[in-house]
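The file upload-v9.cif contains mmCIF, C-alpha atoms:
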```
data_query
#
loop_
_atom_site.label_atom_id
_atom_site.label_comp_id
_atom_site.auth_asym_id
_atom_site.auth_seq_id
_atom_site.Cartn_x
_atom_site.Cartn_y
_atom_site.Cartn_z
CA MET A 1 123.07 91.86 119.05
CA THR A 2 120.28 92.35 121.55
CA GLU A 3 117.66 89.77 122.27
CA ASN A 4 114.23 90.41 120.86
CA ARG A 5 111.96 90.83 123.90
CA ILE A 6 108.64 90.06 122.29
CA LYS A 7 106.53 87.53 124.13
CA THR A 8 105.31 84.98 121.64
CA ILE A 9 102.08 83.12 121.91
CA ASP A 10 102.30 79.73 123.62
CA PHE A 11 103.08 76.89 121.20
CA ASP A 12 99.95 74.84 121.91
CA GLU A 13 97.74 77.91 121.93
CA PHE A 14 99.12 78.87 118.54
CA GLN A 15 98.36 75.44 117.14
CA SER A 16 94.73 75.98 118.15
CA VAL A 17 94.74 79.42 116.51
CA ALA A 18 96.24 77.90 113.36
CA ASP A 19 93.66 75.10 113.29
CA ARG A 20 90.79 77.54 113.65
CA PHE A 21 92.30 79.81 110.99
CA ILE A 22 92.49 76.93 108.54
CA GLU A 23 89.01 75.76 109.45
CA ARG A 24 87.58 79.24 108.82
CA SER A 25 89.41 79.42 105.51
CA SER A 26 87.61 76.28 104.38
CA HIS A 27 84.35 78.19 104.18
CA GLU A 28 85.14 81.90 103.88
CA PHE A 29 87.30 84.21 101.79
CA GLY A 30 88.88 86.34 104.52
CA GLU A 31 88.71 89.64 102.68
CA MET A 32 89.18 93.07 104.24
CA PRO A 33 86.70 95.96 104.52
CA ALA A 34 86.57 98.44 101.65
CA SER A 35 87.40 101.47 103.81
CA SER A 36 90.56 99.87 105.22
CA PHE A 37 91.58 98.54 101.83
CA PHE A 38 91.35 101.87 100.04
CA GLU A 39 92.88 103.82 102.92
CA LEU A 40 95.94 101.55 102.92
CA LEU A 41 96.05 101.51 99.12
CA PHE A 42 96.16 105.30 98.87
CA GLU A 43 98.70 105.40 101.67
CA LYS A 44 100.95 103.04 99.76
CA MET A 45 100.51 104.87 96.48
CA ALA A 46 101.42 108.16 98.14
CA GLU A 47 104.71 106.80 99.48
CA ARG A 48 107.29 108.50 97.38
CA VAL A 49 109.56 106.62 95.07
CA THR A 50 112.29 109.19 94.39
CA GLU A 51 113.60 107.62 91.22
CA THR A 52 112.45 104.88 88.87
CA ILE A 53 115.06 103.49 86.51
CA GLU A 54 114.30 101.05 83.74
CA LEU A 55 117.26 98.85 82.84
CA GLU A 56 117.66 96.93 79.63
CA GLY A 57 118.97 93.40 79.92
CA GLU A 58 120.16 90.64 77.61
CA VAL A 59 122.03 87.38 77.93
CA VAL A 60 125.39 87.41 76.16
CA ASP A 61 127.53 84.25 76.25
CA ASN A 62 125.59 83.00 79.28
CA GLN A 63 126.21 86.32 81.00
CA LEU A 64 123.41 88.61 82.02
CA VAL A 65 124.25 92.08 80.80
CA LEU A 66 122.24 94.98 82.18
CA ARG A 67 122.48 98.48 80.75
CA LEU A 68 121.33 101.91 81.81
CA PRO A 69 119.69 104.11 79.21
CA VAL A 70 122.48 106.05 77.45
CA ASP A 71 121.32 109.56 78.29
CA LEU A 72 120.21 108.90 81.86
CA GLU A 73 121.86 110.86 84.66
CA THR A 74 121.73 108.86 87.87
CA ALA A 75 123.83 107.88 90.84
CA VAL A 76 122.99 104.24 90.16
CA GLN A 77 125.76 102.29 88.45
CA VAL A 78 125.36 99.14 86.42
CA LYS A 79 128.11 96.66 85.53
CA ASN A 80 127.02 93.55 83.70
CA ASN A 81 124.81 91.74 86.21
CA GLU A 82 125.60 94.07 89.09
CA ILE A 83 123.67 97.11 90.17
CA LEU A 84 125.39 99.53 92.55
CA ILE A 85 123.23 101.87 94.62
CA GLY A 86 125.31 103.81 97.14
CA ASP A 87 127.10 101.24 99.24
CA ARG A 88 124.76 98.46 98.20
CA ARG A 89 125.48 96.03 95.40
CA ILE A 90 122.73 93.97 93.82
CA ILE A 91 123.80 90.94 91.82
CA VAL A 92 121.11 89.56 89.52
CA LYS A 93 121.59 85.88 88.74
CA LEU A 94 119.86 83.91 86.04
CA LYS A 95 118.18 80.79 87.28
CA ASN A 96 119.50 77.54 85.75
CA GLY A 97 122.86 78.93 84.87
CA PRO A 98 125.84 80.48 86.65
CA ILE A 99 126.52 84.12 85.95
CA TYR A 100 129.89 85.47 86.89
CA PRO A 101 130.57 89.18 87.12
CA THR A 102 133.26 90.22 84.68
CA ALA A 103 135.60 93.13 85.23
CA HIS A 104 135.93 95.88 82.64
CA MET B 1 123.40 91.06 111.31
CA ILE B 2 122.98 94.66 112.37
CA GLY B 3 119.58 95.57 113.64
CA LEU B 4 118.53 92.03 114.35
CA ALA B 5 118.04 90.19 117.58
CA MET B 6 118.73 86.56 118.29
CA SER B 7 117.10 83.85 120.34
CA GLN B 8 118.82 80.53 120.82
CA GLU B 9 116.81 77.40 121.50
CA GLN B 10 118.94 74.26 121.43
CA SER B 11 120.03 73.57 117.85
CA LEU B 12 117.32 75.71 116.28
CA GLN B 13 118.13 79.40 116.26
CA PHE B 14 115.90 82.25 115.23
CA VAL B 15 116.95 85.79 114.40
CA ILE B 16 113.95 88.07 114.46
CA PRO B 17 114.36 91.67 113.24
CA THR B 18 114.36 93.97 116.26
CA GLU B 19 111.88 96.20 114.45
CA PHE B 20 109.34 93.38 114.71
CA ASN B 21 107.76 94.24 118.04
CA GLN B 22 104.97 93.07 120.29
CA ALA B 23 102.38 95.08 118.35
CA HIS B 24 103.33 93.29 115.11
CA HIS B 25 103.15 89.93 116.88
CA ASP B 26 99.77 90.70 118.41
CA ALA B 27 98.38 92.01 115.12
CA LEU B 28 99.44 88.86 113.30
CA MET B 29 97.78 86.73 115.98
CA ALA B 30 94.63 88.87 115.76
CA TYR B 31 94.60 88.36 111.98
CA LEU B 32 94.96 84.60 112.35
CA SER B 33 92.34 84.49 115.12
CA ASP B 34 89.65 86.39 113.19
CA ASN B 35 90.41 88.97 110.54
CA ARG B 36 86.83 90.22 110.11
CA ASN B 37 86.98 92.74 112.93
CA LEU B 38 90.41 94.26 112.42
CA ASP B 39 90.61 98.02 112.13
CA THR B 40 92.90 99.78 109.66
CA ASP B 41 95.69 100.29 112.21
CA VAL B 42 95.84 96.57 112.92
CA TRP B 43 95.83 95.73 109.21
CA ARG B 44 98.75 98.14 108.79
CA LEU B 45 100.64 96.30 111.55
CA VAL B 46 99.87 92.92 109.97
CA TYR B 47 101.34 93.97 106.62
CA LYS B 48 104.41 95.54 108.20
CA GLY B 49 104.92 92.56 110.48
CA ILE B 50 104.78 90.10 107.59
CA ASP B 51 107.27 92.20 105.62
CA LEU B 52 109.63 92.20 108.60
CA LEU B 53 109.27 88.47 109.18
CA ALA B 54 110.24 87.81 105.57
CA GLU B 55 113.80 88.73 106.54
CA ALA B 56 113.80 86.87 109.86
CA GLN B 57 116.23 83.98 109.89
CA VAL B 58 116.16 80.43 111.12
CA SER B 59 119.29 78.32 111.51
CA ASN B 60 119.20 74.58 111.80
CA GLN B 61 122.58 72.87 112.10
CA ASP B 62 124.59 74.23 109.14
CA THR B 63 121.78 75.94 107.26
CA THR B 64 120.51 79.46 107.68
CA GLN B 65 117.47 80.64 105.75
CA THR B 66 115.17 83.61 105.87
CA PHE B 67 111.50 82.96 106.50
CA ARG B 68 110.86 83.93 102.89
CA GLN B 69 113.35 81.29 101.70
CA VAL B 70 111.78 78.65 103.95
CA TYR B 71 108.35 79.44 102.56
CA ASP B 72 109.64 79.30 98.98
CA GLU B 73 111.52 76.03 99.46
CA PHE B 74 109.16 74.04 101.67
CA ILE B 75 105.71 75.44 100.98
CA ARG B 76 105.34 77.38 97.74
CA GLY B 77 107.79 75.33 95.70
CA PRO B 78 106.31 71.87 96.38
CA LEU B 79 102.65 72.92 96.74
CA ALA B 80 101.91 75.80 94.38
CA ASN B 81 101.71 73.95 91.07
CA GLN B 82 99.71 71.08 92.61
CA PHE B 83 97.31 73.59 94.08
CA ILE B 84 96.88 75.46 90.79
CA GLU B 85 96.24 72.19 88.94
CA GLN B 86 93.53 71.26 91.43
CA LEU B 87 91.97 74.70 91.09
CA LEU B 88 91.82 74.35 87.34
CA GLU B 89 90.12 70.96 87.71
CA THR B 90 87.23 72.40 89.72
CA SER B 91 83.87 72.92 88.09
CA ASN B 92 82.84 75.58 90.64
CA VAL B 93 86.00 77.24 91.87
CA ALA B 94 84.24 79.64 94.28
CA ALA B 95 82.54 76.77 96.08
CA GLU B 96 85.35 74.25 95.96
CA SER B 97 88.51 76.35 96.39
CA PRO B 98 88.18 77.16 100.12
CA GLN B 99 88.34 73.47 100.98
CA ILE B 100 91.28 72.89 98.63
CA THR B 101 93.07 75.85 100.20
CA ALA B 102 92.46 74.46 103.68
CA ARG B 103 93.57 70.96 102.67
CA PHE B 104 96.95 72.27 101.55
CA ALA B 105 97.26 74.60 104.56
CA ARG B 106 96.90 71.62 106.89
CA GLN B 107 100.17 70.27 105.50
CA ILE B 108 102.20 73.28 106.63
CA ARG B 109 102.62 72.20 110.25
CA ASN B 110 103.92 68.75 109.30
CA VAL B 111 106.15 70.08 106.54
CA LEU B 112 107.86 72.51 108.93
CA HIS B 113 108.04 69.92 111.69
CA GLU B 114 109.63 67.32 109.42
CA ALA B 115 112.12 69.91 108.19
CA GLY B 116 113.10 70.44 111.84
CA LEU B 117 111.91 74.04 111.76
CA LEU B 118 108.93 73.82 114.11
CA THR B 119 109.33 72.75 117.72
CA ARG B 120 107.79 73.74 121.00
CA ASP B 121 111.32 74.25 122.37
CA ALA B 122 111.79 77.24 120.06
CA PRO B 123 109.07 79.81 120.81
CA PHE B 124 109.83 81.84 117.68
CA SER B 125 109.12 78.84 115.48
CA VAL B 126 105.40 79.67 115.69
CA LEU B 127 106.22 82.95 113.94
CA LEU B 128 107.64 80.95 111.03
CA GLN B 129 104.52 78.77 111.00
CA GLY B 130 102.31 81.89 111.12
CA TYR B 131 104.30 83.51 108.31
CA CYS B 132 103.90 80.42 106.11
CA LEU B 133 100.19 80.13 106.91
CA TYR B 134 99.64 83.79 106.11
CA TRP B 135 101.39 83.60 102.76
CA TRP B 136 99.84 80.30 101.78
CA GLN B 137 96.35 81.57 102.47
CA SER B 138 97.03 84.82 100.61
CA PHE B 139 98.52 82.99 97.65
CA SER B 140 95.88 80.30 97.40
CA ARG B 141 92.89 82.60 97.86
CA GLY B 142 94.43 85.00 95.37
CA TYR B 143 94.74 82.40 92.63
CA ALA B 144 91.35 80.87 93.34
CA PHE B 145 89.92 84.33 92.83
CA GLU B 146 91.91 84.76 89.63
CA VAL B 147 90.60 81.48 88.21
CA TYR B 148 87.06 82.51 89.16
CA ILE B 149 87.38 85.85 87.34
CA MET B 150 89.11 84.26 84.35
CA ARG B 151 86.23 81.82 83.88
CA ASP B 152 83.63 84.50 84.47
CA LEU B 153 85.14 86.81 81.85
CA LYS B 154 85.23 83.96 79.36
CA ALA B 155 81.61 83.11 80.10
CA ALA B 156 80.72 86.76 79.52
CA ASN B 157 82.41 86.65 76.09
CA ILE B 158 84.95 89.27 77.09
CA ASP B 159 87.99 89.27 74.82
CA PHE B 160 91.18 89.19 76.90
CA GLN B 161 94.61 87.58 77.16
CA MET B 162 95.59 85.98 80.44
CA HIS B 163 99.02 85.13 81.85
CA ASP B 164 99.79 81.45 82.38
CA ILE B 165 99.23 80.64 86.04
CA ARG B 166 100.39 77.04 85.64
CA ASN B 167 104.02 77.99 86.04
CA GLN B 168 105.88 80.35 88.33
CA ARG B 169 107.31 82.45 85.51
CA GLY B 170 103.81 83.15 84.25
CA ARG B 171 102.54 83.87 87.74
CA PHE B 172 105.25 86.49 88.20
CA SER B 173 104.28 88.44 85.09
CA PRO B 174 103.72 92.16 85.77
CA ALA B 175 100.06 91.98 84.70
CA ASP B 176 97.49 89.20 84.97
CA LEU B 177 95.47 90.08 81.90
CA VAL B 178 95.31 92.42 78.94
CA MET B 179 92.12 93.73 77.36
CA LEU B 180 91.47 96.73 75.16
CA ASN B 181 95.22 97.38 75.34
CA LEU B 182 94.89 97.91 79.08
CA LEU B 183 96.94 96.00 81.66
CA GLY B 184 94.96 94.52 84.51
CA ASP B 185 95.49 92.66 87.73
CA ILE B 186 93.21 90.25 89.58
CA LYS B 187 93.97 90.11 93.29
CA THR B 188 92.11 89.53 96.51
CA SER B 189 92.22 92.56 98.79
CA VAL B 190 94.54 91.06 101.39
CA TYR B 191 96.97 89.69 98.81
CA PHE B 192 96.94 92.86 96.75
CA LEU B 193 98.17 95.15 99.52
CA GLN B 194 100.91 92.76 100.58
CA TRP B 195 102.08 92.36 97.01
CA GLN B 196 101.86 95.97 95.87
CA SER B 197 105.03 97.99 96.20
CA ARG B 198 104.90 101.65 97.11
CA GLY B 199 104.39 104.41 94.60
CA GLU B 200 102.16 104.59 91.59
CA LEU B 201 100.10 101.56 90.58
CA PRO B 202 101.83 99.92 87.62
CA ASN B 203 98.74 98.59 85.83
CA ASP B 204 95.66 100.30 84.43
CA PHE B 205 92.89 98.47 86.27
CA TYR B 206 92.47 96.06 89.18
CA ILE B 207 89.74 93.57 89.95
CA THR B 208 89.41 92.80 93.64
CA ARG B 209 87.06 91.38 96.26
CA LEU B 210 86.15 93.15 99.48
CA TYR B 211 84.34 92.40 102.70
CA GLU B 212 81.60 94.82 103.60
CA LYS B 213 78.66 94.72 105.98
CA GLY B 214 78.41 90.98 106.07
CA ARG B 215 78.82 90.58 102.32
CA GLU B 216 82.03 88.73 101.71
CA ARG B 217 82.00 88.81 97.97
CA THR B 218 81.72 92.42 96.91
CA LEU B 219 83.59 92.48 93.64
CA VAL B 220 84.87 95.82 92.43
CA VAL B 221 87.14 97.17 89.74
CA PHE B 222 89.27 100.19 90.53
CA GLN B 223 91.14 101.92 87.78
CA LYS B 224 93.05 104.94 86.63
CA ARG B 225 91.15 107.65 84.80
CA HIS B 226 92.48 106.71 81.34
CA ALA B 227 91.32 103.10 81.82
CA TRP B 228 87.86 104.35 82.76
CA ASP B 229 87.78 106.60 79.71
CA ALA B 230 88.93 103.69 77.51
CA ILE B 231 85.70 101.83 78.27
CA ASP B 232 83.64 105.00 77.82
CA GLY B 233 82.90 105.00 81.51
CA GLY B 234 81.30 108.41 81.59
CA ASN B 235 80.37 110.43 84.65
CA THR B 236 81.34 109.44 88.17
CA ASN B 237 80.16 110.52 91.61
CA PRO B 238 82.58 111.66 94.32
CA GLY B 239 82.89 109.13 97.14
CA THR B 240 84.66 108.72 100.44
CA LEU B 241 86.54 105.78 101.93
CA GLU B 242 83.76 105.16 104.43
CA THR B 243 80.89 105.16 101.95
CA ILE B 244 82.57 103.82 98.87
CA LEU B 245 80.51 100.66 98.49
CA ASP B 246 77.23 102.28 99.49
CA PHE B 247 76.91 104.01 96.13
CA LEU B 248 77.59 100.99 93.95
CA PRO B 249 76.73 100.20 91.23
CA THR B 250 77.09 103.95 90.54
CA PRO B 251 80.73 104.60 89.54
CA ILE B 252 82.60 106.37 92.33
CA GLU B 253 85.58 108.65 92.07
CA ILE B 254 87.85 108.67 95.10
CA ARG B 255 90.51 111.28 95.63
CA GLN B 256 93.06 110.86 98.40
CA ARG B 257 96.54 112.27 98.84
CA GLY B 258 96.43 113.83 95.38
CA ILE B 259 95.62 110.52 93.69
CA MET B 260 92.35 109.67 91.92
CA LEU B 261 90.84 106.26 91.22
CA VAL B 262 87.50 105.30 89.73
CA VAL B 263 85.75 102.43 91.53
CA VAL B 264 82.88 100.55 89.94
CA ASP B 265 81.22 97.28 90.70
CA TYR B 266 82.45 94.35 88.69
CA GLU B 267 79.20 93.53 86.89
CA THR B 268 78.80 97.10 85.65
CA TRP B 269 82.41 97.17 84.51
CA LYS B 270 81.97 93.91 82.60
CA GLN B 271 78.96 95.30 80.76
CA MET B 272 80.95 98.40 79.79
CA VAL B 273 83.87 96.33 78.52
CA ARG B 274 81.57 94.06 76.54
CA LYS B 275 79.82 97.04 75.02
CA LYS B 276 83.11 98.63 74.06
CA GLN B 277 84.46 95.43 72.58
CA SER B 278 81.33 94.88 70.53
CA GLY B 279 81.75 98.32 69.04
CA GLN B 280 78.67 99.73 70.74
CA GLY B 281 80.61 102.18 72.91
CA ALA B 282 79.76 105.85 72.81
#
```
Representation of the structure as structure tokens:
Amino acid sequence: MTENRIKTIDFDEFQSVADRFIERSSHEFGEMPASSFFELLFEKMAERVTETIELEGEVVDNQLVLRLPVDLETAVQVKNNEILIGDRRIIVKLKNGPIYPTAH
Amino acid sequence: MIGLAMSQEQSLQFVIPTEFNQAHHDALMAYLSDNRNLDTDVWRLVYKGIDLLAEAQVSNQDTTQTFRQVYDEFIRGPLANQFIEQLLETSNVAAESPQITARFARQIRNVLHEAGLLTRDAPFSVLLQGYCLYWWQSFSRGYAFEVYIMRDLKAANIDFQMHDIRNQRGRFSPADLVMLNLLGDIKTSVYFLQWQSRGELPNDFYITRLYEKGRERTLVVFQKRHAWDAIDGGNTNPGTLETILDFLPTPIEIRQRGIMLVVVDYETWKQMVRKKQSGQGA
């Protein structure tokens, strides 16, 4: 690891900035100009998403089970509550209940 | 963690992504100092910087959390529902919400300090405080705006279904409201761009608030062509990013990067929706 070299604002100076920020927020909405908003919006919309995949999910015996559409050809793999994309594995857990991956 | 850099300050350790550089830091400070004069390049840096800080880490004794996790656990979790309840108790949300927002924001410093996550001995701890302030302001202004629009649509006798903002599950719904079988979102401009993921817009129309030429409350609706046609919107005039609000209330069509959106002022849009819902559309 290398140390991040950024020079942060002085602690006390930042507290003044924070106080003024909060004070301003008590009487204004802090919106952004239309030209900047739409320029950044179009920029974001134009960023390519190469593939969108809709998974179906259901809870079976307290297990989250995700499924790919049957006829979909994709490099993404799905096993119960796990989604494998290349060398990355995403495990989706239900809140308020343990979900354990099961091997098939 | 690969790609991250570490700073050690006594027992409190911060790991800031190496991609977060001086320009991101300075842009965030410029935003917090006064966001009314930021140009587009600085706004771009602010958004990117906040996204990077979400994955920054802070370790205190045995616990390591990302900035996003700290915000969720110490700020959003305890404060969000209280804040929403207070919003819903207001009689004039536009007038009263800024002070409510500020009252909650003033708690952030003490909350982080008491959690042992904010100290002058750890210079990067101000980045955590700035991250939490940024998100709290975006969140609270966003929902104050949503409550304002919700009440205004009701007062205008618009027929719509709204998601439940009283609980987190409802707040995380993909759309804020449904009307005329169209999915819509209500977001302040700053919050919208931070929230929106890349690629095509998922919903049909968006109600937002912009700052322009000293007018802080320019309300507009931007929408996809089919949503415009669904309210019998009719003809539009071509517009540019620089002049977009100059033509309002005339509906403007903006084309950029092969994408088209129709922008109209909120009052005009409401009249069109009401007309359509009352069966008087063309």
**Message:** Please report the interatomic distance between atom CA of Pro17 of chain B and atom CA of Cys132 of chain B in Å with one decimal.
**Reply:**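 Going from atom CA of Pro17 of chain B over to atom CA of Cys132 of chain B covers 16.9 Å.
For the point (82.9, 80.2, 82.6), the residues with an atom at a distance of at most 12 Å are Leu88, Thr90, Ser91, Asn92, Val93, Ala94, Val147, Tyr148, Ile149, Met150, Arg151, Asp152, Leu153, Lys154, Ala155, Ala156, Asn157 and Ile158 of chain B, counting only C-alpha atoms.
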* Expanded to explicit residues, what is the PyMOL selection byres ((chain A) within 12 of (chain B)) for this file, as JSON, numbers by chain? -> {"A": [1, 2, 3, 4, 5, 6, 7, 8, 9, 10, 11, 12, 13, 14, 15, 16, 17, 18, 19, 20, 21, 22, 23, 24, 25, 26, 27, 28, 29, 30, 31, 32, 33, 34, 35, 36, 37, 38, 39, 40, 41, 42, 43, 44, 45, 46, 47, 48, 49, 50, 51, 52, 95]}
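Residue selection for this entry, given the PyMOL selection byres ((chain B and resi 204) around 10), comprises Ala175, Val178, Asn181, Leu182, Leu183, Gly184, Asp185, Leu201, Pro202, Asn203, Phe205, Tyr206, Phe222, Gln223, Lys224, Arg225, His226, Ala227 and Trp228 of chain B.
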#### Entry: Which of A:Val78, A:Ile53, A:Val60, A:Leu68 sits closest to Ile91 of chain A [using only C-alpha atoms]
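Of A:Val78, A:Ile53, A:Val60, A:Leu68, the one nearest Ile91 of chain A is A:Val78, counting only C-alpha atoms.
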As a check of understanding: the span from atom CA of Phe74 of chain B to atom CA of Gln194 of chain B is 20.5 Å
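Using all atoms listed in the file, the contacts of Met272 of chain B at a cut-off of 12 Å, with sequence neighbours closer than 6 positions omitted, comprise Ala156, Ile158, Leu180, Val221, Ala227, Trp228, Asp229, Ala230, Ile231, Asp232, Gly233, Gly234, Pro251, Val264, Asp265, Tyr266, Ser278, Gly279, Gln280, Gly281 and Ala282 of chain B.
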Could you write those residues out with C-alpha atoms, as an mmCIF file, keeping the file's coordinate frame?
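File part00.cif, as written:
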```cif
data_model
loop_
_atom_site.group_PDB
_atom_site.id
_atom_site.type_symbol
_atom_site.label_atom_id
_atom_site.label_comp_id
_atom_site.auth_asym_id
_atom_site.auth_seq_id
_atom_site.Cartn_x
_atom_site.Cartn_y
_atom_site.Cartn_z
ATOM 1 C CA ALA B 156 80.720 86.760 79.520
ATOM 2 C CA ILE B 158 84.950 89.270 77.090
ATOM 3 C CA LEU B 180 91.470 96.730 75.160
ATOM 4 C CA VAL B 221 87.140 97.170 89.740
ATOM 5 C CA ALA B 227 91.320 103.100 81.820
ATOM 6 C CA TRP B 228 87.860 104.350 82.760
ATOM 7 C CA ASP B 229 87.780 106.600 79.710
ATOM 8 C CA ALA B 230 88.930 103.690 77.510
ATOM 9 C CA ILE B 231 85.700 101.830 78.270
ATOM 10 C CA ASP B 232 83.640 105.000 77.820
ATOM 11 C CA GLY B 233 82.900 105.000 81.510
ATOM 12 C CA GLY B 234 81.300 108.410 81.590
ATOM 13 C CA PRO B 251 80.730 104.600 89.540
ATOM 14 C CA VAL B 264 82.880 100.550 89.940
ATOM 15 C CA ASP B 265 81.220 97.280 90.700
ATOM 16 C CA TYR B 266 82.450 94.350 88.690
ATOM 17 C CA SER B 278 81.330 94.880 70.530
ATOM 18 C CA GLY B 279 81.750 98.320 69.040
ATOM 19 C CA GLN B 280 78.670 99.730 70.740
ATOM 20 C CA GLY B 281 80.610 102.180 72.910
ATOM 21 C CA ALA B 282 79.760 105.850 72.810
#
```
Do you know which residues the PyMOL selection byres ((chain A and resi 80) around 7) returns on this file, as a list in words? Leu64, Val65, Leu66, Val78, Lys79, Asn81, Glu82 and Pro101 of chain A
Judged by all atoms listed in the file, the minimum distance to Pro174 of chain B among B:Trp195, B:Asn235, B:Phe247, B:Asp159 is found for B:Trp195
Computed gap from atom CA of Glu267 of chain B to atom CA of Pro249 of chain B is 8.3 Å
Exercise. Using all atoms listed in the file, which of the listed residues (B:Gly116, B:Ala54, B:Met162, B:Leu87) sits closest to Gln13 of chain B?
Worked result: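 Closest candidate: B:Gly116.
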Residues within 9 Å of Tyr131 of chain B, please, as a PDB file with C-alpha atoms, in the coordinates of the input. Count only C-alpha atoms; anything in the same chain fewer than 6 positions from it doesn't count.
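Result went into selection-v6.pdb, see below:
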```pdb
ATOM      1  CA  LEU B  28      99.440  88.860 113.300  1.00  0.00           C
ATOM      2  CA  ILE B  50     104.780  90.100 107.590  1.00  0.00           C
ATOM      3  CA  LEU B  53     109.270  88.470 109.180  1.00  0.00           C
ATOM      4  CA  ALA B  54     110.240  87.810 105.570  1.00  0.00           C
ATOM      5  CA  PHE B  67     111.500  82.960 106.500  1.00  0.00           C
ATOM      6  CA  ARG B  68     110.860  83.930 102.890  1.00  0.00           C
ATOM      7  CA  TYR B  71     108.350  79.440 102.560  1.00  0.00           C
TER       8      TYR B  71
END
```
Please, could all heavy atoms be added to segment 84-89 of chain B and the result written as a tab-separated table (two decimals), in the frame of the given file?
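out.tsv, freshly written:
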```tsv
chain	number	residue	atom	x	y	z
B	84	ILE	N	97.43	74.82	91.99
B	84	ILE	CA	96.88	75.46	90.79
B	84	ILE	C	96.20	74.41	89.90
B	84	ILE	O	95.11	74.64	89.37
B	84	ILE	CB	97.98	76.19	89.99
B	84	ILE	CG1	98.60	77.33	90.82
B	84	ILE	CG2	97.44	76.71	88.65
B	84	ILE	CD1	97.74	78.54	91.02
B	85	GLU	N	96.84	73.25	89.76
B	85	GLU	CA	96.24	72.19	88.94
B	85	GLU	C	94.88	71.78	89.50
B	85	GLU	O	93.93	71.57	88.75
B	85	GLU	CB	97.18	70.97	88.86
B	85	GLU	CG	98.44	71.20	88.05
B	85	GLU	CD	98.16	71.54	86.59
B	85	GLU	OE1	97.13	71.09	86.05
B	85	GLU	OE2	98.94	72.29	85.99
B	86	GLN	N	94.81	71.64	90.83
B	86	GLN	CA	93.53	71.26	91.43
B	86	GLN	C	92.47	72.34	91.26
B	86	GLN	O	91.30	72.05	91.06
B	86	GLN	CB	93.72	70.92	92.91
B	86	GLN	CG	94.48	69.63	93.11
B	86	GLN	CD	94.42	69.10	94.54
B	86	GLN	OE1	93.51	69.42	95.30
B	86	GLN	NE2	95.40	68.30	94.91
B	87	LEU	N	92.91	73.60	91.34
B	87	LEU	CA	91.97	74.70	91.09
B	87	LEU	C	91.38	74.62	89.70
B	87	LEU	O	90.19	74.80	89.50
B	87	LEU	CB	92.70	76.05	91.18
B	87	LEU	CG	92.88	76.75	92.51
B	87	LEU	CD1	93.45	78.14	92.26
B	87	LEU	CD2	91.58	76.84	93.27
B	88	LEU	N	92.26	74.36	88.73
B	88	LEU	CA	91.82	74.35	87.34
B	88	LEU	C	90.94	73.14	87.03
B	88	LEU	O	90.25	73.12	86.02
B	88	LEU	CB	93.04	74.38	86.40
B	88	LEU	CG	93.85	75.69	86.47
B	88	LEU	CD1	95.14	75.59	85.68
B	88	LEU	CD2	93.01	76.88	85.98
B	89	GLU	N	90.99	72.13	87.90
B	89	GLU	CA	90.12	70.96	87.71
B	89	GLU	C	88.73	71.14	88.32
B	89	GLU	O	87.85	70.32	88.12
B	89	GLU	CB	90.78	69.72	88.32
B	89	GLU	CG	91.98	69.23	87.51
B	89	GLU	CD	92.77	68.16	88.26
B	89	GLU	OE1	92.31	67.72	89.33
B	89	GLU	OE2	93.86	67.81	87.78
```
